[in-house]
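Participant: Could you have a look at this structure, given as structure tokens, before my questions?
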Amino acid sequence: MAALTCAGVMLCTAGAFAQDSQSRLSGLKLSGDQPIQIESDKLEVRESENLAIFTGNVSVTQGPTVMKSGKMTVYYAKDGGSAATGSANIDRLEVDEKVYVKSDKQVATGDRGTFDMKTEVLVMSGKEVVLSEGDNVLVGCKLTVQMKTGLAQVDGCNKGAKGNGRVMMSITPGSQKK
């Protein structure tokens, strides 16, 4: 399962987000060369469907990055290997039930997330997606990151009900120097 990777999250500078809701997040990177430890209350392998489902207190650790969720489904490519032993190539990951990702000083939370291994696109979404680093906080409802380039986009929540369709960012000057 060495192909399995998680993403850390780094908050951008105020100027970049003031111009638009896209920027390079240099802290988002793959750590494919480091070992991965996955723990959960239960693991169900569906070899014929090329997938593995981890449920209950799922924790994935790779280097300095930790991801936690209630459920993680790993979809394997249909080109051979075994999902039961983790020797198959991973196509994509889906995480649900309160997703938490921490890497170094950066934290991201959301209701669900997907990571496409082929395109290297990470998407976190939910009623509220929060990225934080120290006192700096960025809030929206969808975060899309192109891992190859580091380009990220944060979308606001739908207008109506609780959402106002906007992204919110709170910055504390000098907090990056701490």
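Scheme for the structure tokens: letters A, B, ... for chains in order shown; per-chain residue numbers from 1; ligand numbers from 1 in order shown.
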Please identify all polymer residues within 6 Å of Val101 in chain A, counting only C-alpha atoms, omitting same-chain residues fewer than 6 positions from it, and present them as a list of chain:residue names.

Facilitator: A:Val66, A:Met67, A:Val107, A:Ala108

Participant: Could you please take those selected residues and save N, CA and C atoms as a short mmCIF file (atom, residue, chain, number, x, y, z; two decimals), in the first residue's frame?

Facilitator:
```
data_model
loop_
_atom_site.label_atom_id
_atom_site.label_comp_id
_atom_site.auth_asym_id
_atom_site.auth_seq_id
_atom_site.Cartn_x
_atom_site.Cartn_y
_atom_site.Cartn_z
N VAL A 66 -1.14 13.08 9.55
CA VAL A 66 -2.12 12.19 10.17
C VAL A 66 -3.48 12.54 9.59
N MET A 67 -4.23 11.51 9.18
CA MET A 67 -5.59 11.71 8.74
C MET A 67 -6.50 10.83 9.59
N VAL A 107 -3.82 22.21 9.79
CA VAL A 107 -4.95 21.32 10.04
C VAL A 107 -6.07 21.67 9.07
N ALA A 108 -6.73 20.62 8.53
CA ALA A 108 -7.91 20.80 7.69
C ALA A 108 -8.99 19.85 8.20
#
```

Participant: Step one, run DSSP on the backbone; step two, keep only residues of range 132-169 of chain A assigned to strand (DSSP E); then write them as a list in words.

Facilitator: Ser132, Glu133, Asn136, Val137, Leu138, Val139, Gly140, Cys141, Lys142, Leu143, Thr144, Val145, Gln146, Leu151, Ala152, Gln153, Val154, Asp155, Met168 and Met169 of chain A

Participant: Excluding range 50-60 of chain A and its own-chain neighbours fewer than 4 positions away, which residues fall within 7 Å of it when counting only C-alpha atoms? Please give them as a list in words.

Facilitator: Ile36, Gln37, Ile38, Glu39, Ser40, Asp41, Lys42, Leu43, Glu44, Val45, Arg46, Val66, Met67, Lys68, Ser69, Gly70, Lys71, Met72, Thr73, Val74, Tyr75, Tyr76, Lys78 and Ala83 of chain A

Participant: Take CA of Pro173 in chain A and CA of Cys157 in chain A and report the distance between them in Å, one decimal.

Facilitator: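 The value is 26.1 Å.
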
Participant: List the neighbours of range 142-149 of chain A out to 6 Å using only C-alpha atoms; skip same-chain residues closer than 5 positions along the sequence, and give me the result as a ChimeraX atom specification.

Facilitator: /A:120-125,154-155
